[in-house]
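A short worksheet on the structure shown next.
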Number of protein chains: 2
Amino acid sequence: MTDFAATKSMFHLPEGVLYLDGNSLGPLPKAAPGRVAEMLGAQWGEMLITGWNLGGWMAMPMELGDRIGRLIGAEPGHVTVGDTLSIKVYQALAAALALNPDRRVILSDSGNFPSDLYMASGLVRLLGEGFELRVVAPEEVAAAITDEIAVLMLTEVDYRTGRKHDMAALTAQAHAAGVVTVWDLAHSAGALPVDLAGAGADFAVGCTYKFLNGGPGAPAFIYVAPRHAGNALPALSGWLGHAAPFAFDLDYRPGTGVERMRVGTPPVIQMTALAAALDIWEGVDMQALRRRCIELSDLFIAEVEAACPQLTLASPRDGSARGSQVSFRFEQGYAAMQALIARGVIGDFRAPDIMRFGITPLYLDEGDIRAAARIIAEVFETRAYDRPEFQVRQAVT
Amino acid sequence: MTDFAATKSMFHLPEGVLYLDGNSLGPLPKAAPGRVAEMLGAQWGEMLITGWNLGGWMAMPMELGDRIGRLIGAEPGHVTVGDTLSIKVYQALAAALALNPDRRVILSDSGNFPSDLYMASGLVRLLGEGFELRVVAPEEVAAAITDEIAVLMLTEVDYRTGRKHDMAALTAQAHAAGVVTVWDLAHSAGALPVDLAGAGADFAVGCTYKFLNGGPGAPAFIYVAPRHAGNALPALSGWLGHAAPFAFDLDYRPGTGVERMRVGTPPVIQMTALAAALDIWEGVDMQALRRRCIELSDLFIAEVEAACPQLTLASPRDGSARGSQVSFRFEQGYAAMQALIARGVIGDFRAPDIMRFGITPLYLDEGDIRAAARIIAEVFETRAYDRPEFQVRQAVT
């Protein structure tokens, strides 16, 4: 059994804060500062360049990849860590297109995270005539999977609403139509059980600073299915994806498997913080996490809806169709979220009108959910969002 | 005047080590662990998601870019930090090609760092028919600049030999032939004065973990000349390069200037260590550093050549034609470097036969250079490299 009181105790959670934004940036694992200090002092400081071997730095992308792989149902040795999620999207898309050379259409949906669409459009523009990014509404994806499509690129869980695609069903349908799949797990990894191998996914990518709690700017990951790992031709053919990086050959020869999706020198300090965060996941059963997440989310929805008739649920009401977040629509959502943050309830706002709350059982319990709902009720009863100080928009949130 | 005793005191240098490998990974700035601990505890820990604003994280790529820009002669506001150098090479190349749409050849040289060539070949393959990466010997570059060339991509200082290209002359020649330039400053930034604006360079990229001492996996940087910054079309069109990342538009609109070369979420922990490293550069005059570097390098060459007739100088003898490193060829160079490392003199080996020593006045003084030369002399007098334990090659160095 997963002991969620124990996992909660492993995080630093500031006094007076109820943190419902782990879907954007997870909180600090208490072990992370010590691990990073050790890496800086005893490794960088004392080992200097030899840290790449003696400190195990060079092996970290694959080691961390395997630890993440366990949470997303990947075969061991088929996930590697590095770069940002947008870069990993580009790599997966380019390799997926190359596996389907007679087709030129990438299919995605308007619920995808914009950066995935931006990266796809940049790639399509570079590839030139005939290549196309086709974006449909999330509910129209299944009907749009035809034998014209080269690659289906979807984010499993919608970043705004938490609406969850059926990965297994869409992947099966895609394969039946000869379509290669790229799944973005940004709001899935560490949020709910994922079974990449079972679903037969071709490529998957994700980030580690949200539900995995790797810290601001933590590196991304990429999965390539074993059947593709030796064929996927890297568009971003960097030296650390070379079969022999330190031979310094003038010609590129890709590494054996997903290793070829490594590009440049990996971010050792960020990976060290991520390693500390992944330690917390060692004892976590993803099925238990999922049950707890749905219980807490259902409770949150019930409490908020009872107290705040102004809010409209934007997430699916059925917990099994939802990721690990609950969103409500409200016209003054930006100001309302500012009012909540001023009271220590931290969620976030996504344009145009989404108030988004991450429900993360690793460090939120029933008491936290009830307390957050009470404060939300108070903000809406008092219309605190009407106050001028909450209207001013900041550059970023 | 630059006080090199003062800068030396700002680094942690292990007891018994003479570190001549700052051209691969700079040593730990003493201030870095404290700065990182502060960022982890007071910012990530306490500010959580609001650190992107309150902690200034979102502004760091441009702020750090400007601090690096001062060292490489860039106009303020035209350098940004992020990703790895290989990614930045790809971005610069793709944008440079797009600025020269009637031509399809990238010209580079065999002294370029292999990853730059790999990234170029990946891009050329993606772009398809007609696109070509042409690689000539370093001394043949000038003759190969013709009106067939779209982009000239060179690393200013050769990673093995330290041989330095004449950036101003080659850039002028390239422009006269209608060629766009991409300069890799991996072995230039923090190593010698660079004058990007004066040379009229179009694009430049570099890394921050070598001479700038940003730490293992520190992010890269990219410069786009002001005349191109508003036209350079990003191939890697990520959300943080969007004109309004937090509007979450479905369509990509590039940011105003070099900001469009940002891609994904920047690595805040790595950037914090880099910020501490850049503090040391605040008081450094690059001309004074260059003079000191050539003095120390000339001394090193003289001492080593006097004692080790087995070694052949691989670097230019003329200091002004050399970067901030000195390399020697020796058939048993790998074993000899292992023997040196065992005695606390840390340089590195680059296949097939290069022994490479970084000469970094920021933390190496005349006493260090003389002491290192004495130990090198001893290794060669005693043929310590013949010992079996130094023959075994490790996976990476």
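Following the order of the structure tokens, chains are lettered A, B, ..., residues in each are numbered from 1, and ligands are numbered from 1.
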
Problem - Nearby residues (only C-alpha atoms) at most 9 Å from stretch 264-280 of chain A, same-chain spacing under 3 positions excluded, as a PyMOL selection string - result: (chain A and resi 7+10+28-33+35-36+39-40+57-58+60-61+64+67-68+81-83+208-209+212-219+238-241+283-284+362) or (chain B and resi 83-87+115+215-219+267-270+273)

Kindly export the residues of the current selection with C-alpha atoms, as a PDB file, in the first residue's frame.
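Done, and the output landed in part08.pdb:
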```pdb
ATOM      1  CA  THR A   7       5.035  10.883   0.736  1.00  0.00           C
ATOM      2  CA  MET A  10       8.874  14.225   1.957  1.00  0.00           C
ATOM      3  CA  LEU A  28      10.386  20.982  -3.529  1.00  0.00           C
ATOM      4  CA  PRO A  29      11.300  17.483  -2.318  1.00  0.00           C
ATOM      5  CA  LYS A  30      13.000  17.924   1.052  1.00  0.00           C
ATOM      6  CA  ALA A  31      15.883  15.741  -0.116  1.00  0.00           C
ATOM      7  CA  ALA A  32      16.619  17.806  -3.221  1.00  0.00           C
ATOM      8  CA  PRO A  33      18.741  20.624  -1.709  1.00  0.00           C
ATOM      9  CA  ARG A  35      21.462  16.048  -3.063  1.00  0.00           C
ATOM     10  CA  VAL A  36      22.222  19.068  -5.193  1.00  0.00           C
ATOM     11  CA  MET A  39      26.644  17.018  -6.342  1.00  0.00           C
ATOM     12  CA  LEU A  40      27.998  20.569  -6.510  1.00  0.00           C
ATOM     13  CA  TRP A  57      26.724  11.956 -14.805  1.00  0.00           C
ATOM     14  CA  MET A  58      26.919  10.441 -18.276  1.00  0.00           C
ATOM     15  CA  MET A  60      22.009   9.664 -15.687  1.00  0.00           C
ATOM     16  CA  PRO A  61      19.809  10.271 -18.763  1.00  0.00           C
ATOM     17  CA  LEU A  64      16.450   8.498 -14.851  1.00  0.00           C
ATOM     18  CA  ARG A  67      12.860   5.274 -13.329  1.00  0.00           C
ATOM     19  CA  ILE A  68      10.303   7.364 -15.202  1.00  0.00           C
ATOM     20  CA  VAL A  81      15.945  12.194 -20.291  1.00  0.00           C
ATOM     21  CA  GLY A  82      17.125  15.537 -21.624  1.00  0.00           C
ATOM     22  CA  ASP A  83      16.293  18.844 -23.319  1.00  0.00           C
ATOM     23  CA  THR A 208       9.312  16.163 -15.241  1.00  0.00           C
ATOM     24  CA  TYR A 209       8.651  19.466 -13.499  1.00  0.00           C
ATOM     25  CA  LEU A 212       7.097  14.321 -11.096  1.00  0.00           C
ATOM     26  CA  ASN A 213       8.372  17.312  -9.062  1.00  0.00           C
ATOM     27  CA  GLY A 214      11.782  17.616 -10.717  1.00  0.00           C
ATOM     28  CA  GLY A 215      12.025  21.396 -10.244  1.00  0.00           C
ATOM     29  CA  PRO A 216      11.779  24.469 -12.468  1.00  0.00           C
ATOM     30  CA  GLY A 217      13.260  23.695 -15.862  1.00  0.00           C
ATOM     31  CA  ALA A 218      13.726  19.984 -15.100  1.00  0.00           C
ATOM     32  CA  PRO A 219      14.528  18.037 -18.279  1.00  0.00           C
ATOM     33  CA  GLY A 238      23.668  15.500 -31.663  1.00  0.00           C
ATOM     34  CA  TRP A 239      26.917  13.988 -30.484  1.00  0.00           C
ATOM     35  CA  LEU A 240      25.513  12.330 -27.364  1.00  0.00           C
ATOM     36  CA  GLY A 241      23.114  10.389 -29.591  1.00  0.00           C
ATOM     37  CA  GLY A 283       7.189   3.463  -3.057  1.00  0.00           C
ATOM     38  CA  VAL A 284       4.175   4.706  -4.991  1.00  0.00           C
ATOM     39  CA  LEU A 362       1.435  12.698  -3.118  1.00  0.00           C
TER      40      LEU A 362
ATOM     41  CA  ASP B  83      19.024  24.364 -24.438  1.00  0.00           C
ATOM     42  CA  THR B  84      22.300  22.746 -25.436  1.00  0.00           C
ATOM     43  CA  LEU B  85      24.850  23.984 -27.925  1.00  0.00           C
ATOM     44  CA  SER B  86      23.829  21.349 -30.492  1.00  0.00           C
ATOM     45  CA  ILE B  87      20.245  22.621 -30.397  1.00  0.00           C
ATOM     46  CA  SER B 115      28.285  17.605 -33.101  1.00  0.00           C
ATOM     47  CA  GLY B 215      28.747  23.837 -14.388  1.00  0.00           C
ATOM     48  CA  PRO B 216      28.095  20.431 -15.953  1.00  0.00           C
ATOM     49  CA  GLY B 217      25.216  20.694 -18.405  1.00  0.00           C
ATOM     50  CA  ALA B 218      25.000  24.484 -18.149  1.00  0.00           C
ATOM     51  CA  PRO B 219      22.802  25.912 -20.910  1.00  0.00           C
ATOM     52  CA  PRO B 267      16.596  25.250 -16.712  1.00  0.00           C
ATOM     53  CA  VAL B 268      16.351  27.499 -13.651  1.00  0.00           C
ATOM     54  CA  ILE B 269      18.706  25.547 -11.400  1.00  0.00           C
ATOM     55  CA  GLN B 270      21.441  25.411 -14.050  1.00  0.00           C
ATOM     56  CA  ALA B 273      24.744  28.241 -11.044  1.00  0.00           C
TER      57      ALA B 273
END
```

Practice task
With a distance cut-off of 12 Å and only C-alpha atoms, select the neighbouring residues of B:Gly128, excluding the residue or stretch itself and same-chain residues fewer than 2 positions from it, and output the selection as a PyMOL selection string.
Solution key: (chain A and resi 98+126-129+235) or (chain B and resi 104-105+121-126+130-133)

Problem - Spatial neighbours of stretch 13-17 of chain A, max dist 12 Å, only C-alpha atoms, sep filter under 5 positions, as a ChimeraX atom specification - result: /A:7-8,22,26-30,340-347,362-364,368-369,371-372,375 /B:41-49

Problem - Polymer residues at most 9 Å from stretch 138-140 of chain B, only C-alpha atoms, same-chain spacing of 3 or more positions, as JSON, numbers by chain - result: {"B": [108, 109, 110, 111, 112, 135, 143, 144, 165]}

Handout entry: DSSP-assigned strand (DSSP E) members of stretch 191-336 of chain A, reported as an NGL selection string
Key = :A and (203-207 or 220-224 or 312-313 or 325-329)

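The two atoms in question, atom CA of A:Glu75 and atom CA of A:Glu63, are spaced 12.9 Å apart.
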
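Closest approach to chain B among A:Ala307, A:Ala336, A:Met286, A:Val136: A:Val136, based on only C-alpha atoms.
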
Could you list, as a PDB file with N, CA, C and O atoms, in the first residue's frame, every residue within 8 Å of B:Ala120, counting only C-alpha atoms and ignoring same-chain residues fewer than 4 positions away?
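See result.pdb below for the written result:
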```pdb
ATOM      1  N   VAL B  89      22.975  25.304 -32.433  1.00  0.00           N
ATOM      2  CA  VAL B  89      23.569  25.201 -33.770  1.00  0.00           C
ATOM      3  C   VAL B  89      22.466  24.954 -34.798  1.00  0.00           C
ATOM      4  O   VAL B  89      22.428  25.595 -35.868  1.00  0.00           O
ATOM      5  N   TYR B  90      21.582  24.033 -34.478  1.00  0.00           N
ATOM      6  CA  TYR B  90      20.483  23.691 -35.394  1.00  0.00           C
ATOM      7  C   TYR B  90      19.601  24.910 -35.648  1.00  0.00           C
ATOM      8  O   TYR B  90      19.234  25.207 -36.790  1.00  0.00           O
ATOM      9  N   LEU B  93      21.509  27.451 -37.835  1.00  0.00           N
ATOM     10  CA  LEU B  93      21.643  26.967 -39.212  1.00  0.00           C
ATOM     11  C   LEU B  93      20.329  27.073 -39.972  1.00  0.00           C
ATOM     12  O   LEU B  93      20.293  27.529 -41.119  1.00  0.00           O
ATOM     13  N   ILE B 106      25.664  24.244 -46.992  1.00  0.00           N
ATOM     14  CA  ILE B 106      26.307  24.690 -45.750  1.00  0.00           C
ATOM     15  C   ILE B 106      27.782  24.325 -45.867  1.00  0.00           C
ATOM     16  O   ILE B 106      28.121  23.158 -46.104  1.00  0.00           O
ATOM     17  N   ASP B 116      28.475  19.719 -34.289  1.00  0.00           N
ATOM     18  CA  ASP B 116      27.985  20.761 -35.196  1.00  0.00           C
ATOM     19  C   ASP B 116      27.757  20.157 -36.583  1.00  0.00           C
ATOM     20  O   ASP B 116      26.759  20.459 -37.255  1.00  0.00           O
ATOM     21  N   VAL B 124      20.167  18.932 -42.994  1.00  0.00           N
ATOM     22  CA  VAL B 124      20.266  18.793 -44.451  1.00  0.00           C
ATOM     23  C   VAL B 124      19.430  17.598 -44.926  1.00  0.00           C
ATOM     24  O   VAL B 124      18.717  17.682 -45.937  1.00  0.00           O
ATOM     25  N   LEU B 133      25.772  19.457 -46.932  1.00  0.00           N
ATOM     26  CA  LEU B 133      26.801  19.917 -45.993  1.00  0.00           C
ATOM     27  C   LEU B 133      28.152  19.645 -46.635  1.00  0.00           C
ATOM     28  O   LEU B 133      28.468  18.492 -46.948  1.00  0.00           O
TER      29      LEU B 133
END
```

Exercise for the section: Calculate how many Å separate atom CA of B:Asp348 from atom CA of B:Asp21, rounding to one decimal. Expected result: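 It comes out at 6.5 Å.
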
Exercise for the section: Provide the atom CA of A:Ala225 to atom CA of A:Leu152 distance in Å, to one decimal place. Expected result: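 Going from atom CA of A:Ala225 over to atom CA of A:Leu152 covers 15.1 Å.
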
Problem - Shell around B:Met167 at 7 Å using only C-alpha atoms, local window under 2 positions removed, as a PyMOL selection string - result: chain B and resi 156+165+169-171+199

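In this comparison, which uses only C-alpha atoms, the residue of A:Ser297, A:Thr146, A:Gln391, A:Thr181 approaching A:Gln332 most closely is A:Gln391.
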
Handout entry: Picked from stretch 50-119 of chain A by DSSP as alpha helix (DSSP H), as a PyMOL selection string
Key = chain A and resi 51-54+60-71+85-98+114-119

Deliver the residues from the most recent selection as a file, using C-alpha atoms, as an mmCIF file, in the first residue's frame.
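Output file selection.cif follows:
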```cif
data_model
loop_
_atom_site.group_PDB
_atom_site.id
_atom_site.type_symbol
_atom_site.label_atom_id
_atom_site.label_comp_id
_atom_site.auth_asym_id
_atom_site.auth_seq_id
_atom_site.Cartn_x
_atom_site.Cartn_y
_atom_site.Cartn_z
ATOM 1 C CA GLY A 51 32.561 13.574 -12.657
ATOM 2 C CA TRP A 52 31.240 12.488 -16.040
ATOM 3 C CA ASN A 53 32.535 9.015 -15.198
ATOM 4 C CA LEU A 54 33.118 8.933 -11.441
ATOM 5 C CA MET A 60 22.009 9.664 -15.687
ATOM 6 C CA PRO A 61 19.809 10.271 -18.763
ATOM 7 C CA MET A 62 19.208 6.546 -19.214
ATOM 8 C CA GLU A 63 18.994 5.767 -15.479
ATOM 9 C CA LEU A 64 16.450 8.498 -14.851
ATOM 10 C CA GLY A 65 14.661 7.422 -18.027
ATOM 11 C CA ASP A 66 14.181 3.944 -16.623
ATOM 12 C CA ARG A 67 12.860 5.274 -13.329
ATOM 13 C CA ILE A 68 10.303 7.364 -15.202
ATOM 14 C CA GLY A 69 9.656 4.442 -17.529
ATOM 15 C CA ARG A 70 8.302 2.395 -14.632
ATOM 16 C CA LEU A 71 5.614 5.038 -14.023
ATOM 17 C CA LEU A 85 9.510 18.887 -23.862
ATOM 18 C CA SER A 86 9.182 21.013 -27.001
ATOM 19 C CA ILE A 87 12.491 19.635 -28.298
ATOM 20 C CA LYS A 88 11.393 16.088 -27.524
ATOM 21 C CA VAL A 89 8.105 16.675 -29.387
ATOM 22 C CA TYR A 90 10.093 17.771 -32.429
ATOM 23 C CA GLN A 91 12.355 14.723 -32.248
ATOM 24 C CA ALA A 92 9.447 12.321 -31.909
ATOM 25 C CA LEU A 93 7.489 13.957 -34.735
ATOM 26 C CA ALA A 94 10.417 14.003 -37.142
ATOM 27 C CA ALA A 95 11.250 10.367 -36.435
ATOM 28 C CA ALA A 96 7.585 9.338 -36.682
ATOM 29 C CA LEU A 97 7.204 11.083 -40.047
ATOM 30 C CA ALA A 98 10.333 9.337 -41.317
ATOM 31 C CA PRO A 114 0.135 25.058 -27.969
ATOM 32 C CA SER A 115 3.897 24.469 -27.956
ATOM 33 C CA ASP A 116 3.351 20.987 -29.419
ATOM 34 C CA LEU A 117 1.393 22.553 -32.257
ATOM 35 C CA TYR A 118 4.019 25.267 -32.686
ATOM 36 C CA MET A 119 6.829 22.726 -32.904
#
```

Problem - Nearest candidate to chain B (options A:Arg317, A:His242, A:Arg387, A:Arg260; using only C-alpha atoms) - result: A:His242

Problem - Residues within 7 Å of A:Ala243, only C-alpha atoms, excluding chain neighbours under 2 positions, as a PyMOL selection string - result: chain A and resi 241+245+253-256
